[in-house]
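Student: Structure: query28.pdb, PDB, C-alpha atoms.
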ATOM      1  CA  MET U 745      81.419  38.263 -16.645
ATOM      2  CA  MET U 746      83.275  35.325 -15.204
ATOM      3  CA  LYS U 747      82.594  32.451 -17.599
ATOM      4  CA  PHE U 748      84.887  30.112 -15.635
ATOM      5  CA  VAL U 749      82.228  29.836 -12.897
ATOM      6  CA  SER U 750      81.724  26.156 -12.044
ATOM      7  CA  ALA U 751      78.865  24.449 -10.237
ATOM      8  CA  ALA U 752      80.932  24.603  -7.045
ATOM      9  CA  ILE U 753      81.429  28.354  -7.321
ATOM     10  CA  CYS U 754      77.766  28.919  -8.159
ATOM     11  CA  SER U 755      76.841  27.045  -4.974
ATOM     12  CA  ALA U 756      79.152  29.262  -2.974
ATOM     13  CA  LEU U 757      77.684  32.367  -4.563
ATOM     14  CA  LEU U 758      74.205  31.307  -3.555
ATOM     15  CA  ALA U 759      75.366  30.902   0.043
ATOM     16  CA  ALA U 760      77.750  33.878   0.100
ATOM     17  CA  PRO U 761      77.629  35.907   3.327
ATOM     18  CA  ALA U 762      76.852  39.602   3.138
ATOM     19  CA  LEU U 763      77.837  42.393   5.462
ATOM     20  CA  ALA U 764      74.976  44.202   7.158
ATOM     21  CA  GLU U 765      75.955  47.520   5.590
ATOM     22  CA  GLU U 766      76.223  46.086   2.074
ATOM     23  CA  ALA U 767      73.216  46.050  -0.238
ATOM     24  CA  THR U 768      71.853  42.636  -1.190
ATOM     25  CA  GLY U 769      69.542  41.335  -3.893
ATOM     26  CA  PRO U 770      68.743  42.953  -7.237
ATOM     27  CA  SER U 771      67.523  46.501  -7.831
ATOM     28  CA  PHE U 772      63.918  45.349  -8.120
ATOM     29  CA  ASP U 773      61.524  43.769  -5.609
ATOM     30  CA  CYS U 774      61.838  39.981  -5.876
ATOM     31  CA  ALA U 775      58.350  39.596  -4.417
ATOM     32  CA  ARG U 776      57.142  41.074  -7.703
ATOM     33  CA  ALA U 777      59.382  39.055 -10.030
ATOM     34  CA  SER U 778      57.226  38.299 -13.057
ATOM     35  CA  THR U 779      59.533  36.676 -15.612
ATOM     36  CA  GLU U 780      61.861  33.674 -15.735
ATOM     37  CA  ALA U 781      64.828  36.031 -15.981
ATOM     38  CA  GLU U 782      63.831  38.023 -12.896
ATOM     39  CA  THR U 783      63.301  34.791 -10.951
ATOM     40  CA  ALA U 784      66.755  33.553 -11.953
ATOM     41  CA  ILE U 785      68.302  36.829 -10.800
ATOM     42  CA  CYS U 786      66.467  36.683  -7.473
ATOM     43  CA  GLU U 787      67.718  33.137  -6.903
ATOM     44  CA  SER U 788      71.370  34.185  -7.271
ATOM     45  CA  PRO U 789      72.806  36.814  -4.896
ATOM     46  CA  SER U 790      75.711  37.301  -7.291
ATOM     47  CA  LEU U 791      73.418  38.140 -10.204
ATOM     48  CA  GLY U 792      71.739  40.568  -7.823
ATOM     49  CA  TRP U 793      75.094  42.366  -7.527
ATOM     50  CA  TYR U 794      75.276  42.799 -11.307
ATOM     51  CA  ASP U 795      71.686  44.029 -11.455
ATOM     52  CA  ARG U 796      72.375  46.666  -8.790
ATOM     53  CA  GLN U 797      75.426  47.902 -10.683
ATOM     54  CA  LEU U 798      73.392  48.129 -13.885
ATOM     55  CA  ALA U 799      70.702  50.139 -12.105
ATOM     56  CA  ARG U 800      73.300  52.541 -10.742
ATOM     57  CA  ALA U 801      75.032  52.891 -14.107
ATOM     58  CA  TRP U 802      71.659  53.483 -15.795
ATOM     59  CA  LYS U 803      70.859  56.437 -13.538
ATOM     60  CA  ILE U 804      74.241  58.011 -14.255
ATOM     61  CA  ALA U 805      73.934  57.500 -18.014
ATOM     62  CA  LEU U 806      70.340  58.757 -18.150
ATOM     63  CA  LYS U 807      71.281  61.954 -16.345
ATOM     64  CA  ALA U 808      74.260  62.494 -18.644
ATOM     65  CA  ALA U 809      72.191  61.865 -21.795
ATOM     66  CA  GLY U 810      69.641  64.544 -20.990
ATOM     67  CA  LYS U 811      66.410  64.953 -22.952
ATOM     68  CA  ALA U 812      68.197  64.842 -26.292
ATOM     69  CA  GLY U 813      69.649  61.381 -25.745
ATOM     70  CA  GLU U 814      66.931  59.855 -23.573
ATOM     71  CA  SER U 815      64.972  58.160 -26.365
ATOM     72  CA  SER U 816      68.019  56.460 -27.874
ATOM     73  CA  LEU U 817      69.257  55.355 -24.470
ATOM     74  CA  LYS U 818      65.910  53.810 -23.545
ATOM     75  CA  ALA U 819      65.786  51.954 -26.868
ATOM     76  CA  SER U 820      69.217  50.437 -26.269
ATOM     77  CA  GLN U 821      68.185  49.517 -22.717
ATOM     78  CA  ALA U 822      65.139  47.682 -24.038
ATOM     79  CA  ALA U 823      67.406  45.746 -26.420
ATOM     80  CA  PHE U 824      69.691  44.826 -23.521
ATOM     81  CA  LEU U 825      66.772  43.567 -21.421
ATOM     82  CA  LYS U 826      65.602  41.407 -24.326
ATOM     83  CA  ASP U 827      69.084  39.866 -24.658
ATOM     84  CA  ARG U 828      69.388  39.388 -20.886
ATOM     85  CA  ASP U 829      66.009  37.700 -20.634
ATOM     86  CA  ALA U 830      66.928  35.311 -23.465
ATOM     87  CA  CYS U 831      69.728  33.978 -21.242
ATOM     88  CA  VAL U 832      67.235  31.744 -19.416
ATOM     89  CA  LYS U 833      67.427  29.450 -22.471
ATOM     90  CA  SER U 834      71.230  29.260 -22.244
ATOM     91  CA  ASP U 835      73.112  26.221 -20.945
ATOM     92  CA  ASN U 836      74.949  28.647 -18.633
ATOM     93  CA  VAL U 837      72.374  31.120 -17.373
ATOM     94  CA  TYR U 838      74.760  32.698 -14.862
ATOM     95  CA  GLY U 839      77.550  33.204 -17.388
ATOM     96  CA  CYS U 840      75.202  34.530 -20.050
ATOM     97  CA  MET U 841      73.497  37.003 -17.727
ATOM     98  CA  SER U 842      76.646  38.217 -16.022
ATOM     99  CA  ASP U 843      78.299  38.828 -19.405
ATOM    100  CA  ALA U 844      75.222  40.682 -20.611
ATOM    101  CA  TYR U 845      75.177  42.867 -17.522
ATOM    102  CA  LEU U 846      78.852  43.813 -17.584
ATOM    103  CA  GLY U 847      78.719  44.468 -21.314
ATOM    104  CA  ARG U 848      75.781  46.809 -20.859
ATOM    105  CA  ILE U 849      77.416  48.590 -17.928
ATOM    106  CA  GLY U 850      80.461  49.143 -20.128
ATOM    107  CA  GLU U 851      78.251  50.612 -22.853
ATOM    108  CA  LEU U 852      76.574  52.964 -20.388
ATOM    109  CA  ALA U 853      79.931  54.070 -19.036
ATOM    110  CA  GLY U 854      80.891  54.953 -22.605
ATOM    111  CA  ALA U 855      84.230  54.683 -24.349
ATOM    112  CA  GLY U 856      86.640  57.472 -23.492
ATOM    113  CA  SER U 857      84.608  58.854 -20.577
ATOM    114  CA  ASP U 858      87.584  60.561 -18.860
ATOM    115  CA  GLY U 859      88.600  57.352 -17.075
ATOM    116  CA  LYS U 860      86.291  57.847 -14.101
ATOM    117  CA  PHE U 861      83.499  55.494 -15.142
ATOM    118  CA  TRP U 862      84.262  52.046 -16.519
ATOM    119  CA  ALA U 863      83.686  48.307 -16.114
ATOM    120  CA  ALA U 864      86.166  45.454 -16.520
ATOM    121  CA  SER U 865      86.245  41.682 -16.154
ATOM    122  CA  PHE U 866      89.176  39.451 -15.192
ATOM    123  CA  ALA U 867      89.359  35.636 -15.141
ATOM    124  CA  GLY U 868      91.911  32.849 -14.842
ATOM    125  CA  GLU U 869      92.078  29.158 -13.966
ATOM    126  CA  THR U 870      91.470  29.733 -10.250
ATOM    127  CA  GLY U 871      88.718  32.336 -10.512
ATOM    128  CA  GLY U 872      88.282  35.956 -11.332
ATOM    129  CA  ALA U 873      86.809  39.331 -10.524
ATOM    130  CA  ASP U 874      84.574  41.990 -12.018
ATOM    131  CA  VAL U 875      85.043  45.694 -11.330
ATOM    132  CA  VAL U 876      82.854  48.746 -11.876
ATOM    133  CA  ARG U 877      84.477  52.138 -11.236
ATOM    134  CA  TYR U 878      81.969  54.966 -10.751
ATOM    135  CA  PRO U 879      82.476  58.707 -11.343
ATOM    136  CA  ASP U 880      82.238  59.406  -7.585
ATOM    137  CA  GLY U 881      85.337  57.286  -6.935
ATOM    138  CA  LYS U 882      83.445  54.333  -5.483
ATOM    139  CA  VAL U 883      84.293  50.873  -6.796
ATOM    140  CA  ALA U 884      82.035  47.815  -6.907
ATOM    141  CA  LEU U 885      84.062  44.607  -6.769
ATOM    142  CA  SER U 886      82.967  40.975  -7.095
ATOM    143  CA  ILE U 887      85.492  38.151  -6.582
ATOM    144  CA  SER U 888      84.929  34.400  -7.036
ATOM    145  CA  THR U 889      87.715  31.837  -6.686
ATOM    146  CA  ILE U 890      88.069  28.085  -6.371
ATOM    147  CA  GLY U 891      90.757  26.154  -4.492
ATOM    148  CA  GLY U 892      91.590  22.607  -3.430
ATOM    149  CA  GLY U 893      88.764  20.156  -2.936
ATOM    150  CA  ASP U 894      86.432  22.508  -4.810
ATOM    151  CA  HIS U 895      86.469  24.878  -1.826
ATOM    152  CA  THR U 896      85.451  28.357  -2.964
ATOM    153  CA  CYS U 897      85.546  32.036  -2.052
ATOM    154  CA  ALA U 898      82.800  34.542  -2.820
ATOM    155  CA  PHE U 899      83.171  38.236  -2.036
ATOM    156  CA  GLU U 900      81.414  41.375  -3.202
ATOM    157  CA  THR U 901      81.225  45.026  -2.213
ATOM    158  CA  GLU U 902      80.003  48.333  -3.559
ATOM    159  CA  ASN U 903      82.100  50.364  -1.149
ATOM    160  CA  ALA U 904      85.707  49.961  -2.261
ATOM    161  CA  ALA U 905      87.880  52.973  -3.096
ATOM    162  CA  ILE U 906      90.423  53.525  -5.859
ATOM    163  CA  ASP U 907      93.486  55.750  -5.746
ATOM    164  CA  ALA U 908      95.306  57.763  -8.394
ATOM    165  CA  ARG U 909      97.456  54.753  -9.285
ATOM    166  CA  ASP U 910      94.369  52.637 -10.048
ATOM    167  CA  VAL U 911      94.813  50.546  -6.915
ATOM    168  CA  ILE U 912      91.560  49.353  -5.322
ATOM    169  CA  HIS U 913      91.282  49.391  -1.518
ATOM    170  CA  TRP U 914      88.753  47.788   0.833
ATOM    171  CA  SER U 915      89.067  46.865   4.510
ATOM    172  CA  GLU U 916      86.451  45.795   7.059
ATOM    173  CA  LYS U 917      85.848  43.319   9.858
ATOM    174  CA  PRO U 918      82.995  41.114   8.572
ATOM    175  CA  ASP U 919      82.154  39.709  11.991
ATOM    176  CA  GLU U 920      83.023  40.576  15.604
ATOM    177  CA  MET U 921      84.425  37.073  16.112
ATOM    178  CA  TYR U 922      87.571  38.218  14.245
ATOM    179  CA  ASP U 923      90.298  40.220  15.930
ATOM    180  CA  ASP U 924      91.414  41.902  12.717
ATOM    181  CA  ALA U 925      89.916  43.169   9.506
ATOM    182  CA  CYS U 926      90.032  41.636   6.055
ATOM    183  CA  THR U 927      91.998  43.986   3.807
ATOM    184  CA  ILE U 928      91.714  43.587   0.052
ATOM    185  CA  THR U 929      93.954  45.382  -2.433
ATOM    186  CA  GLY U 930      93.431  45.187  -6.178
ATOM    187  CA  SER U 931      96.289  46.293  -8.412
ATOM    188  CA  LEU U 932      95.164  46.993 -11.975
ATOM    189  CA  SER U 933      97.293  46.845 -15.095
ATOM    190  CA  ARG U 934      96.434  46.802 -18.792
ATOM    191  CA  THR U 935      96.486  43.015 -18.821
ATOM    192  CA  ALA U 936      95.504  41.796 -15.348
ATOM    193  CA  LEU U 937      94.110  42.419 -11.881
ATOM    194  CA  THR U 938      96.127  41.218  -8.897
ATOM    195  CA  ILE U 939      94.073  40.706  -5.748
ATOM    196  CA  THR U 940      95.860  40.580  -2.390
ATOM    197  CA  ALA U 941      93.699  39.644   0.599
ATOM    198  CA  GLU U 942      95.313  39.962   4.036
ATOM    199  CA  GLY U 943      94.028  39.358   7.552
ATOM    200  CA  GLY U 944      92.503  36.363   9.257
ATOM    201  CA  ALA U 945      89.019  37.765   8.741
ATOM    202  CA  CYS U 946      89.305  37.075   4.995
ATOM    203  CA  THR U 947      88.550  33.414   5.791
ATOM    204  CA  TYR U 948      84.962  34.570   6.387
ATOM    205  CA  TYR U 949      84.457  34.593   2.616
ATOM    206  CA  CYS U 950      86.226  31.323   1.831
ATOM    207  CA  GLY U 951      86.263  27.579   2.247
ATOM    208  CA  VAL U 952      89.261  26.056   4.046
ATOM    209  CA  ARG U 953      91.322  25.390   0.917
ATOM    210  CA  ALA U 954      90.453  28.526  -1.044
ATOM    211  CA  GLU U 955      91.688  32.110  -0.966
ATOM    212  CA  LEU U 956      90.682  35.422  -2.489
ATOM    213  CA  SER U 957      94.206  36.385  -3.552
ATOM    214  CA  GLY U 958      95.346  35.795  -7.116
ATOM    215  CA  THR U 959      96.290  37.364 -10.430
ATOM    216  CA  PHE U 960      93.562  37.247 -13.044
ATOM    217  CA  PRO U 961      94.066  38.146 -16.737
ATOM    218  CA  ARG U 962      91.818  40.804 -18.241
ATOM    219  CA  ARG U 963      88.838  39.502 -20.190
ATOM    220  CA  LYS U 964      87.261  42.790 -21.248
TER     221      LYS U 964
END
Would you mind writing the file out in structure tokens?
Tutor:
Amino acid sequence: MMKFVSAAICSALLAAPALAEEATGPSFDCARASTEAETAICESPSLGWYDRQLARAWKIALKAAGKAGESSLKASQAAFLKDRDACVKSDNVYGCMSDAYLGRIGELAGAGSDGKFWAASFAGETGGADVVRYPDGKVALSISTIGGGDHTCAFETENAAIDARDVIHWSEKPDEMYDDACTITGSLSRTALTITAEGGACTYYCGVRAELSGTFPRRK
């Protein structure tokens, strides 16, 4: 996914807060992690987000494939897992795994699938975001940015919505200490994603000199 991720952003991702109602961790039980790849995923909450999206996309694709396509789908999934697991030998394990995950989710969504199921990645000099749009209208969104003094923002959700104009909407109060909610809007175009984060509660996800808002060019 977001290959720009620096050591500072990775540190923020590891310490990123999570809302009580949001899922955390990967789709599998980390207490039973048995490979280097699974351990790496369990050690990074952000990689856990990608793993959960893959698990959700897999269930949708498997149901759509039916008995006739099940064998082929499982073979391609085994190939993906082999490629993902090889990422532990990469100089950038996070970047390698996140790219592998989003690429596989895109494959499972399928080209030309009526526009209701897709995955996309966006990245620029100050950060980026990954988006998975599911057939039920739910959107999973992960945002990582970096600001002055290497201050960072890390945000993720699986509960955003998307309207008919392809505008993503999410709004919640992450903690009762805030008087207002954090409202995030993502405006999609063919070439970029523009994130607008409004409300004092958005500081919950960020260091003092960083912000979630920004325009990020499309990667894939």
Student: So the first atom is atom CA of U:Tyr794 and the second is atom CA of U:Tyr845; what is the distance between them in Å, to one decimal place?
Tutor: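 Atom CA of U:Tyr845 lies 6.2 Å from atom CA of U:Tyr794.
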Student: Any chance you could work out the residue set of the PyMOL selection byres ((chain U and resi 943-947) around 10) here, as a ChimeraX atom specification?
Tutor: /U:897,899,915-928,941-942,948-957
Student: Convert the output of the PyMOL selection byres ((chain U and resi 868) around 10) on the shown file into explicit residues, formatted as a list of chain:residue names.
Tutor: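 Written out, the selection comes to U:Met746, U:Lys747, U:Phe748, U:Phe866, U:Ala867, U:Glu869, U:Thr870, U:Gly871, U:Gly872, U:Ala873, U:Thr889, U:Ala936, U:Gly958, U:Thr959, U:Phe960, U:Pro961, U:Arg962, U:Arg963.
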Student: Quick one: which residues end up in the PyMOL selection byres ((chain U and resi 830-832) around 12) for this structure, as a list in words?
Tutor: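 Selected by the PyMOL selection byres ((chain U and resi 830-832) around 12) in this file: Thr779, Glu780, Ala781, Glu782, Thr783, Ala784, Ile785, Ala823, Phe824, Leu825, Lys826, Asp827, Arg828, Asp829, Lys833, Ser834, Asp835, Asn836, Val837, Tyr838, Gly839, Cys840, Met841, Ser842, Asp843, Ala844 and Tyr845 of chain U.
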Student: Let me make sure I understand: among U:Asp874, U:Asp858, U:Asp894, U:Glu902, which one has the smallest atom-to-atom distance to U:Leu932 if we use only C-alpha atoms?
Tutor: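 Of U:Asp874, U:Asp858, U:Asp894, U:Glu902, the one nearest U:Leu932, counting only C-alpha atoms, is U:Asp874.
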Student: When distances are computed from all atoms listed in the file, which of U:Ala904, U:Pro770, U:Lys964, U:Phe861 shows the smallest separation from U:Arg934?
Tutor: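 So, comparing all the options, the nearest one is U:Lys964.
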Student: List as a PyMOL selection string the protein and nucleic acid residues near U:Ala853, meaning an atom at most 8 Å away when all atoms listed in the file are counted, but skip any in the same chain fewer than 4 places from it.
Tutor: chain U and resi 801+805+849+857+861-863
Student: Could you tell me how far atom CA of U:Gly891 sits from atom CA of U:Asp910, in Å to one decimal place?
Tutor: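 That distance, rounded to one decimal, is 27.3 Å.
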Student: If I take atom CA of U:Ala898 and atom CA of U:Ser931, how far is one from the other in Å, to one decimal?
Tutor: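 That distance, rounded to one decimal, is 18.7 Å.
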Student: U:Gly769, U:Gly854, U:Gly881, U:Gly813: which is nearest U:Ser790, counting all atoms listed in the file?
Tutor: U:Gly769
Student: Write out as a list in words the residues lying within 10 Å of U:Ile804, counting all atoms listed in the file and excluding same-chain residues fewer than 3 positions away.
Tutor: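 These residues fall inside the cut-off: Leu798, Ala799, Arg800, Ala801, Lys807, Ala808, Ala809, Leu852, Ala853, Phe861, Tyr878 and Pro879 of chain U.
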Student: For each of U:Ala908, U:Trp802, U:Ser886, U:Gly930, take the minimum atom-to-atom distance to U:Gly850, counting only C-alpha atoms, then give the residue where this is smallest.
Tutor: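 Nearest candidate to U:Gly850 out of U:Ala908, U:Trp802, U:Ser886, U:Gly930: U:Trp802.
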Student: So, counting all atoms listed in the file, which residue among U:Ser778, U:Thr938, U:Ser771, U:Ser788 is closest to U:Lys803?
Tutor: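 Of all the options, U:Ser771 lies closest to U:Lys803.
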Student: Assuming 5 Å of padding per side, give the centre and edge lengths of the axis-aligned box around every listed atom of stretch 872-888 of chain U, in Å to one decimal and as AutoDock Vina command-line options.
Tutor:
--center_x 85.1 --center_y 46.9 --center_z -8.8 --size_x 16.3 --size_y 35.0 --size_z 16.5
Student: Filtering to C-alpha atoms, could stretch 830-940 of chain U of the supplied structure be written out as a PDB file, in the first residue's frame?
Tutor:
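Saved result, decode-v9.pdb, follows:
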ATOM      1  CA  ALA U 830       8.225 -13.964   1.603  1.00  0.00           C
ATOM      2  CA  CYS U 831       7.960 -10.295   2.615  1.00  0.00           C
ATOM      3  CA  VAL U 832       9.681 -11.069   5.928  1.00  0.00           C
ATOM      4  CA  LYS U 833      12.943 -11.153   3.933  1.00  0.00           C
ATOM      5  CA  SER U 834      12.287  -7.690   2.475  1.00  0.00           C
ATOM      6  CA  ASP U 835      14.097  -4.547   3.618  1.00  0.00           C
ATOM      7  CA  ASN U 836      10.632  -2.992   4.037  1.00  0.00           C
ATOM      8  CA  VAL U 837       8.407  -5.666   5.532  1.00  0.00           C
ATOM      9  CA  TYR U 838       5.509  -3.269   6.121  1.00  0.00           C
ATOM     10  CA  GLY U 839       5.559  -1.876   2.588  1.00  0.00           C
ATOM     11  CA  CYS U 840       5.924  -5.299   1.005  1.00  0.00           C
ATOM     12  CA  MET U 841       3.094  -6.848   3.008  1.00  0.00           C
ATOM     13  CA  SER U 842       0.705  -3.936   2.681  1.00  0.00           C
ATOM     14  CA  ASP U 843       1.232  -3.867  -1.096  1.00  0.00           C
ATOM     15  CA  ALA U 844       0.668  -7.609  -1.278  1.00  0.00           C
ATOM     16  CA  TYR U 845      -2.539  -7.347   0.712  1.00  0.00           C
ATOM     17  CA  LEU U 846      -4.064  -4.489  -1.265  1.00  0.00           C
ATOM     18  CA  GLY U 847      -3.090  -6.112  -4.547  1.00  0.00           C
ATOM     19  CA  ARG U 848      -4.797  -9.333  -3.530  1.00  0.00           C
ATOM     20  CA  ILE U 849      -7.903  -7.518  -2.309  1.00  0.00           C
ATOM     21  CA  GLY U 850      -8.078  -5.807  -5.695  1.00  0.00           C
ATOM     22  CA  GLU U 851      -7.842  -9.181  -7.435  1.00  0.00           C
ATOM     23  CA  LEU U 852     -10.627 -10.615  -5.289  1.00  0.00           C
ATOM     24  CA  ALA U 853     -12.815  -7.605  -5.976  1.00  0.00           C
ATOM     25  CA  GLY U 854     -12.320  -8.298  -9.679  1.00  0.00           C
ATOM     26  CA  ALA U 855     -12.006  -5.889 -12.570  1.00  0.00           C
ATOM     27  CA  GLY U 856     -15.308  -4.459 -13.744  1.00  0.00           C
ATOM     28  CA  SER U 857     -17.346  -5.712 -10.775  1.00  0.00           C
ATOM     29  CA  ASP U 858     -20.146  -3.117 -11.158  1.00  0.00           C
ATOM     30  CA  GLY U 859     -18.216  -0.504  -9.168  1.00  0.00           C
ATOM     31  CA  LYS U 860     -19.435  -1.671  -5.765  1.00  0.00           C
ATOM     32  CA  PHE U 861     -16.372  -3.648  -4.705  1.00  0.00           C
ATOM     33  CA  TRP U 862     -12.880  -2.258  -5.200  1.00  0.00           C
ATOM     34  CA  ALA U 863      -9.605  -1.324  -3.506  1.00  0.00           C
ATOM     35  CA  ALA U 864      -7.373   1.691  -4.126  1.00  0.00           C
ATOM     36  CA  SER U 865      -4.178   3.194  -2.750  1.00  0.00           C
ATOM     37  CA  PHE U 866      -3.150   6.857  -2.599  1.00  0.00           C
ATOM     38  CA  ALA U 867       0.193   8.358  -1.522  1.00  0.00           C
ATOM     39  CA  GLY U 868       2.062  11.656  -1.598  1.00  0.00           C
ATOM     40  CA  GLU U 869       4.959  13.383   0.147  1.00  0.00           C
ATOM     41  CA  THR U 870       3.036  13.928   3.390  1.00  0.00           C
ATOM     42  CA  GLY U 871       1.355  10.533   3.641  1.00  0.00           C
ATOM     43  CA  GLY U 872      -1.450   8.614   2.085  1.00  0.00           C
ATOM     44  CA  ALA U 873      -4.506   6.434   2.440  1.00  0.00           C
ATOM     45  CA  ASP U 874      -5.830   3.048   1.403  1.00  0.00           C
ATOM     46  CA  VAL U 875      -9.504   2.409   0.690  1.00  0.00           C
ATOM     47  CA  VAL U 876     -11.577  -0.748   0.317  1.00  0.00           C
ATOM     48  CA  ARG U 877     -15.175  -0.290  -0.862  1.00  0.00           C
ATOM     49  CA  TYR U 878     -17.411  -3.293  -0.155  1.00  0.00           C
ATOM     50  CA  PRO U 879     -20.599  -4.352  -1.977  1.00  0.00           C
ATOM     51  CA  ASP U 880     -22.721  -3.512   1.099  1.00  0.00           C
ATOM     52  CA  GLY U 881     -21.695   0.151   0.879  1.00  0.00           C
ATOM     53  CA  LYS U 882     -19.296   0.023   3.817  1.00  0.00           C
ATOM     54  CA  VAL U 883     -15.837   1.513   3.340  1.00  0.00           C
ATOM     55  CA  ALA U 884     -12.632   0.565   5.154  1.00  0.00           C
ATOM     56  CA  LEU U 885     -10.221   3.495   5.300  1.00  0.00           C
ATOM     57  CA  SER U 886      -6.640   3.688   6.578  1.00  0.00           C
ATOM     58  CA  ILE U 887      -4.820   7.048   6.706  1.00  0.00           C
ATOM     59  CA  SER U 888      -1.183   7.703   7.672  1.00  0.00           C
ATOM     60  CA  THR U 889       0.420  11.144   7.468  1.00  0.00           C
ATOM     61  CA  ILE U 890       3.566  12.862   8.673  1.00  0.00           C
ATOM     62  CA  GLY U 891       3.996  16.523   9.620  1.00  0.00           C
ATOM     63  CA  GLY U 892       6.560  18.846  11.180  1.00  0.00           C
ATOM     64  CA  GLY U 893       9.085  17.400  13.582  1.00  0.00           C
ATOM     65  CA  ASP U 894       8.209  13.905  12.358  1.00  0.00           C
ATOM     66  CA  HIS U 895       4.864  14.139  14.167  1.00  0.00           C
ATOM     67  CA  THR U 896       2.428  11.652  12.645  1.00  0.00           C
ATOM     68  CA  CYS U 897      -1.243  10.772  12.296  1.00  0.00           C
ATOM     69  CA  ALA U 898      -2.632   7.242  12.146  1.00  0.00           C
ATOM     70  CA  PHE U 899      -6.317   6.553  11.561  1.00  0.00           C
ATOM     71  CA  GLU U 900      -8.296   3.530  10.446  1.00  0.00           C
ATOM     72  CA  THR U 901     -11.920   2.437  10.297  1.00  0.00           C
ATOM     73  CA  GLU U 902     -14.078  -0.239   8.742  1.00  0.00           C
ATOM     74  CA  ASN U 903     -17.282   1.714   9.242  1.00  0.00           C
ATOM     75  CA  ALA U 904     -17.161   4.620   6.803  1.00  0.00           C
ATOM     76  CA  ALA U 905     -19.920   5.185   4.243  1.00  0.00           C
ATOM     77  CA  ILE U 906     -19.767   6.264   0.607  1.00  0.00           C
ATOM     78  CA  ASP U 907     -22.386   8.205  -1.323  1.00  0.00           C
ATOM     79  CA  ALA U 908     -23.442   8.185  -4.964  1.00  0.00           C
ATOM     80  CA  ARG U 909     -20.808  10.800  -5.800  1.00  0.00           C
ATOM     81  CA  ASP U 910     -18.014   8.578  -4.441  1.00  0.00           C
ATOM     82  CA  VAL U 911     -17.524  10.767  -1.382  1.00  0.00           C
ATOM     83  CA  ILE U 912     -16.489   8.889   1.772  1.00  0.00           C
ATOM     84  CA  HIS U 913     -18.032   9.939   5.098  1.00  0.00           C
ATOM     85  CA  TRP U 914     -17.083   9.095   8.686  1.00  0.00           C
ATOM     86  CA  SER U 915     -17.832  10.951  11.921  1.00  0.00           C
ATOM     87  CA  GLU U 916     -17.423   9.914  15.560  1.00  0.00           C
ATOM     88  CA  LYS U 917     -16.251  11.208  18.918  1.00  0.00           C
ATOM     89  CA  PRO U 918     -13.207   9.041  19.758  1.00  0.00           C
ATOM     90  CA  ASP U 919     -13.199   9.969  23.432  1.00  0.00           C
ATOM     91  CA  GLU U 920     -15.623  11.666  25.841  1.00  0.00           C
ATOM     92  CA  MET U 921     -12.981  14.280  26.666  1.00  0.00           C
ATOM     93  CA  TYR U 922     -13.840  15.988  23.343  1.00  0.00           C
ATOM     94  CA  ASP U 923     -16.842  18.252  22.958  1.00  0.00           C
ATOM     95  CA  ASP U 924     -17.235  17.539  19.252  1.00  0.00           C
ATOM     96  CA  ALA U 925     -16.756  14.690  16.841  1.00  0.00           C
ATOM     97  CA  CYS U 926     -13.993  14.138  14.323  1.00  0.00           C
ATOM     98  CA  THR U 927     -15.543  14.267  10.855  1.00  0.00           C
ATOM     99  CA  ILE U 928     -13.589  12.869   7.928  1.00  0.00           C
ATOM    100  CA  THR U 929     -14.599  13.348   4.299  1.00  0.00           C
ATOM    101  CA  GLY U 930     -12.786  11.673   1.428  1.00  0.00           C
ATOM    102  CA  SER U 931     -13.403  13.018  -2.064  1.00  0.00           C
ATOM    103  CA  LEU U 932     -12.346  10.571  -4.773  1.00  0.00           C
ATOM    104  CA  SER U 933     -11.343  11.409  -8.320  1.00  0.00           C
ATOM    105  CA  ARG U 934      -9.619   9.405 -11.045  1.00  0.00           C
ATOM    106  CA  THR U 935      -6.243  10.755  -9.984  1.00  0.00           C
ATOM    107  CA  ALA U 936      -6.395  11.513  -6.254  1.00  0.00           C
ATOM    108  CA  LEU U 937      -8.107  11.270  -2.883  1.00  0.00           C
ATOM    109  CA  THR U 938      -8.651  14.470  -0.917  1.00  0.00           C
ATOM    110  CA  ILE U 939      -9.094  13.937   2.814  1.00  0.00           C
ATOM    111  CA  THR U 940     -10.706  16.693   4.885  1.00  0.00           C
TER     112      THR U 940
END
